[in-house]
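Trainee: Have a look at this one.
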Amino acid sequence: MRVLHVLDHSIPLHSGYTFRTLALLREQRRLGWETFHLTSPKHSVPCAEEEIVDGWHFYRSDPVRAQALPGFAELTLMRDLQARLATVAQAVRPDVIHTHSPVLNAIPALRVGRDLGIPVVYEVRAFWEDAAVDHGTTTEGSLRYRMTRRLETYALRRAAHVFTICEGLRGDIVARGIPPRRVTVIPNAVDPETFGPGGERDSDLQAELGLNGATVVGFVGSFYAYEGLDILLDALPRLIAARPDVRVMLVGGGPQEAALKLQAHALGLAEKVVFVGRVPHAHVQAYYDLIDVLAYPRRSMRLTELVTPLKPLEAMAQGRMLVASDVGGHRELIRHGVTGQLFRAGDPSALTEAILQLLGRRAEWQLIRSAARRFVEQERNWSHAAAKYVEPFRALRRVEKATA
């Protein structure tokens, strides 16, 4: 089986998107498939037409060209990607084109697949219109939102098979009229062997960050609005009133970083919040080891209700203690009181109570860690997840041979 993947972006950029991609590529190769990889014009790292990164060969597209009028950038991107994909597909002659979100990749892939007679499968990781709402470029129900949603539905109906990452998205896809038999969930997962229990604290790093003797509530990731980190800071005064030793450590960066720093100052708690900034991926583990409780206070919106994140799974694989808002994406992953603690989304008081309850249950932490690790090993490992590709791909081959 020769599979050509069409991707929004890839390594050397680090994101949940790129980490999921690498895991899926490794598993498809373990199945004996040949994989080829093309990134869209949105891959923002300067690069050649072809390059090898960490042993993986990527075909690249020219970067996005600036456009003055709204919508023209997307049209130009799709046109350029279609031309580049046609060239690559003719060179590698895949059995299947496997295109991944956003829909800006799916439309060019469907056109190339139609022209060259290659079946196209579409993997939905999130809906483009919902991501646009979070980024502030549109609002739910706007004309642009509705048009983008129609474009997404158009692509879903024309794909030979649809894959997605969770049951929330699957339900939304089926509700658009896509037959359930044509939609398969390949859930977010981890490779348990690469995630061992947390290590010893780096005492020098702990002292450098001013965290000696502190109970640390932490977050590691990108600072987007939907992550709800402002809710965590709003909870901090109550937390400190009950537990003066509590400190918040935020590792990473993103669009909300400046606003969060202003919020910490406005609350008079700037000295209680440690903004580490972005750190190299190889060094992240040392910061995880300083955290007592990981917090995932995502806000409730379509994006978070439908989409399951990767970070809580990685935390559970390491036996980390975590609290998370009760949005749909978290409820698919976390059993309240068993593998983690859930709280009412958007409510700083509920978050405070959840953290305090977890800190008060230290005698039970080993049981929670074991349950979380067992869930990952048995239900959310990449080998188990990627095995679900096999039957849909085989069915496409059978159809292809029957029509040849």
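In the structure tokens, each chain is lettered A, B, ... as it comes, each chain's residues begin at 1, and ligands are numbered from 1 in order of appearance.
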Tell me, which residues of segment 117-348 of chain A carry DSSP helix (DSSP H, G or I), written as number ranges by chain?
Mentor: A: 128-135, 143-158, 167-175, 180-182, 192-194, 203-208, 225-227, 229-242, 257-266, 270-272, 281-288, 302-306, 311-317, 328-331, 348
Trainee: Which neighbours of segment 316-329 of chain A fall inside 7 Å, counting only C-alpha atoms, when residues of the same chain fewer than 5 positions from it are skipped, and could you give them as a VMD selection string?
Mentor: chain A and resid 192 195 to 198 292 to 298 300 304 to 309 340 to 345 354 to 355 369 to 370 372 to 373 376
Trainee: Restrict the selected residues to N, CA and C atoms and save them as a compact mmCIF listing (two decimals), in the first residue's frame.
Mentor:
# COMPACT_ATOMS: atom_id res chain seq x y z
N PRO A 192 2.95 4.19 25.00
CA PRO A 192 3.26 4.09 26.43
C PRO A 192 4.74 3.84 26.72
N PHE A 195 6.78 6.93 27.45
CA PHE A 195 6.39 7.74 28.60
C PHE A 195 6.51 6.92 29.87
N GLY A 196 7.60 7.13 30.57
CA GLY A 196 7.75 6.46 31.85
C GLY A 196 7.25 7.35 32.97
N PRO A 197 7.24 6.84 34.19
CA PRO A 197 6.84 7.66 35.34
C PRO A 197 7.74 8.88 35.45
N GLY A 198 7.20 9.93 36.06
CA GLY A 198 7.98 11.15 36.23
C GLY A 198 9.27 10.90 36.99
N ASP A 292 3.08 19.31 40.61
CA ASP A 292 2.31 18.37 41.43
C ASP A 292 0.99 18.03 40.76
N VAL A 293 0.30 19.05 40.24
CA VAL A 293 -1.00 18.84 39.59
C VAL A 293 -1.02 19.60 38.27
N LEU A 294 -1.29 18.89 37.19
CA LEU A 294 -1.45 19.54 35.89
C LEU A 294 -2.89 20.02 35.74
N ALA A 295 -3.06 21.21 35.19
CA ALA A 295 -4.40 21.79 35.01
C ALA A 295 -4.70 21.99 33.54
N TYR A 296 -5.89 21.54 33.13
CA TYR A 296 -6.37 21.72 31.75
C TYR A 296 -7.76 22.37 31.82
N PRO A 297 -7.82 23.70 32.02
CA PRO A 297 -9.11 24.37 32.28
C PRO A 297 -9.82 24.85 31.02
N ARG A 298 -9.84 24.04 29.97
CA ARG A 298 -10.41 24.46 28.69
C ARG A 298 -11.82 25.03 28.83
N SER A 300 -15.61 25.95 27.45
CA SER A 300 -16.61 25.21 26.69
C SER A 300 -16.96 25.97 25.41
N THR A 304 -13.78 22.67 21.81
CA THR A 304 -13.36 21.86 22.96
C THR A 304 -14.38 20.79 23.33
N GLU A 305 -15.65 21.04 22.99
CA GLU A 305 -16.66 20.02 23.27
C GLU A 305 -16.53 18.84 22.31
N LEU A 306 -16.08 19.09 21.08
CA LEU A 306 -16.00 18.04 20.08
C LEU A 306 -14.65 17.35 20.02
N VAL A 307 -13.57 18.06 20.31
CA VAL A 307 -12.22 17.58 20.02
C VAL A 307 -11.51 17.13 21.29
N THR A 308 -10.90 15.95 21.23
CA THR A 308 -10.10 15.45 22.35
C THR A 308 -8.65 15.92 22.21
N PRO A 309 -8.06 16.45 23.27
CA PRO A 309 -6.67 16.89 23.23
C PRO A 309 -5.71 15.72 23.46
N GLY A 340 -8.51 11.03 36.96
CA GLY A 340 -8.26 12.46 37.09
C GLY A 340 -9.47 13.11 37.73
N GLN A 341 -9.43 14.43 37.84
CA GLN A 341 -10.50 15.17 38.49
C GLN A 341 -11.11 16.14 37.48
N LEU A 342 -12.43 16.08 37.27
CA LEU A 342 -13.12 17.00 36.38
C LEU A 342 -13.81 18.10 37.20
N PHE A 343 -13.94 19.28 36.58
CA PHE A 343 -14.66 20.37 37.24
C PHE A 343 -15.53 21.10 36.21
N ARG A 344 -16.48 21.86 36.68
CA ARG A 344 -17.41 22.56 35.80
C ARG A 344 -16.66 23.61 34.98
N ALA A 345 -16.73 23.51 33.66
CA ALA A 345 -15.99 24.39 32.76
C ALA A 345 -16.36 25.85 33.00
N ALA A 354 -11.70 21.51 42.86
CA ALA A 354 -11.14 20.28 42.28
C ALA A 354 -9.67 20.11 42.65
N ILE A 355 -8.91 21.21 42.58
CA ILE A 355 -7.49 21.13 42.93
C ILE A 355 -7.32 20.81 44.41
N ARG A 369 -2.88 7.14 39.58
CA ARG A 369 -1.81 7.01 38.58
C ARG A 369 -1.89 5.67 37.86
N SER A 370 -2.08 4.60 38.63
CA SER A 370 -2.13 3.26 38.04
C SER A 370 -3.33 3.11 37.11
N ALA A 372 -4.87 5.50 35.46
CA ALA A 372 -4.64 6.32 34.26
C ALA A 372 -3.67 5.63 33.31
N ARG A 373 -2.61 5.09 33.85
CA ARG A 373 -1.63 4.40 33.02
C ARG A 373 -2.26 3.17 32.36
N VAL A 376 -4.37 4.12 29.33
CA VAL A 376 -3.55 4.44 28.16
C VAL A 376 -3.00 3.16 27.52
Trainee: What does the distance from atom CA of Ile186 of chain A to atom CA of Leu169 of chain A come to in Å, to one decimal?
Mentor: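 Spanning atom CA of Ile186 of chain A to atom CA of Leu169 of chain A is a straight-line distance of 11.1 Å.
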Trainee: Might you pull out every residue within 9 Å of Glu50 of chain A, with only C-alpha atoms counted and same-chain residues fewer than 5 positions away left off, and present them as an mmCIF file with all heavy atoms, in the first residue's frame?
Mentor:
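Writing done, so here's out.cif:
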data_model
loop_
_atom_site.group_PDB
_atom_site.id
_atom_site.type_symbol
_atom_site.label_atom_id
_atom_site.label_comp_id
_atom_site.auth_asym_id
_atom_site.auth_seq_id
_atom_site.Cartn_x
_atom_site.Cartn_y
_atom_site.Cartn_z
ATOM 1 N N HIS A 57 11.208 12.035 5.007
ATOM 2 C CA HIS A 57 11.284 12.799 3.774
ATOM 3 C C HIS A 57 9.969 13.545 3.533
ATOM 4 O O HIS A 57 8.889 12.950 3.577
ATOM 5 C CB HIS A 57 11.564 11.860 2.591
ATOM 6 C CG HIS A 57 11.615 12.559 1.268
ATOM 7 N ND1 HIS A 57 10.500 12.791 0.505
ATOM 8 C CD2 HIS A 57 12.664 13.103 0.571
ATOM 9 C CE1 HIS A 57 10.844 13.424 -0.604
ATOM 10 N NE2 HIS A 57 12.141 13.623 -0.585
ATOM 11 N N PHE A 58 10.084 14.853 3.309
ATOM 12 C CA PHE A 58 8.904 15.671 3.058
ATOM 13 C C PHE A 58 9.018 16.402 1.725
ATOM 14 O O PHE A 58 10.072 16.939 1.395
ATOM 15 C CB PHE A 58 8.719 16.726 4.162
ATOM 16 C CG PHE A 58 8.340 16.154 5.489
ATOM 17 C CD1 PHE A 58 9.313 15.860 6.438
ATOM 18 C CD2 PHE A 58 7.008 15.905 5.801
ATOM 19 C CE1 PHE A 58 8.969 15.330 7.672
ATOM 20 C CE2 PHE A 58 6.653 15.374 7.027
ATOM 21 C CZ PHE A 58 7.634 15.079 7.960
ATOM 22 N N TYR A 59 7.925 16.390 0.975
ATOM 23 C CA TYR A 59 7.764 17.302 -0.152
ATOM 24 C C TYR A 59 7.153 18.580 0.413
ATOM 25 O O TYR A 59 6.242 18.529 1.245
ATOM 26 C CB TYR A 59 6.834 16.710 -1.209
ATOM 27 C CG TYR A 59 7.378 15.476 -1.892
ATOM 28 C CD1 TYR A 59 7.080 14.199 -1.405
ATOM 29 C CD2 TYR A 59 8.180 15.579 -3.025
ATOM 30 C CE1 TYR A 59 7.577 13.058 -2.031
ATOM 31 C CE2 TYR A 59 8.669 14.440 -3.672
ATOM 32 C CZ TYR A 59 8.361 13.182 -3.159
ATOM 33 O OH TYR A 59 8.847 12.066 -3.782
ATOM 34 N N ARG A 60 7.636 19.726 -0.039
ATOM 35 C CA ARG A 60 7.139 21.005 0.466
ATOM 36 C C ARG A 60 6.433 21.792 -0.640
ATOM 37 O O ARG A 60 6.668 21.567 -1.830
ATOM 38 C CB ARG A 60 8.292 21.849 1.023
ATOM 39 C CG ARG A 60 9.109 21.186 2.121
ATOM 40 C CD ARG A 60 8.278 20.844 3.338
ATOM 41 N NE ARG A 60 9.108 20.446 4.482
ATOM 42 C CZ ARG A 60 8.637 19.966 5.608
ATOM 43 N NH1 ARG A 60 7.333 19.804 5.768
ATOM 44 N NH2 ARG A 60 9.445 19.630 6.592
ATOM 45 N N SER A 61 5.560 22.705 -0.211
ATOM 46 C CA SER A 61 4.896 23.633 -1.115
ATOM 47 C C SER A 61 5.470 25.025 -0.906
ATOM 48 O O SER A 61 6.033 25.334 0.149
ATOM 49 C CB SER A 61 3.387 23.666 -0.838
ATOM 50 O OG SER A 61 2.822 22.379 -0.924
#
Trainee: Please indicate the distance in Å from atom CA of Glu200 of chain A to atom CA of Leu356 of chain A, rounded to one decimal place.
Mentor: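 Atom-to-atom, atom CA of Glu200 of chain A to atom CA of Leu356 of chain A, that is 23.6 Å.
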Trainee: Can you tell me which residues surround Leu236 of chain A at a distance of at most 10 Å, considering only C-alpha atoms, apart from same-chain residues fewer than 2 positions away, and format the answer as an MDAnalysis selection string?
Mentor: chainID A and resid 217 230:234 238:243 246:248 264 267 269 272:273 348:349 351:352
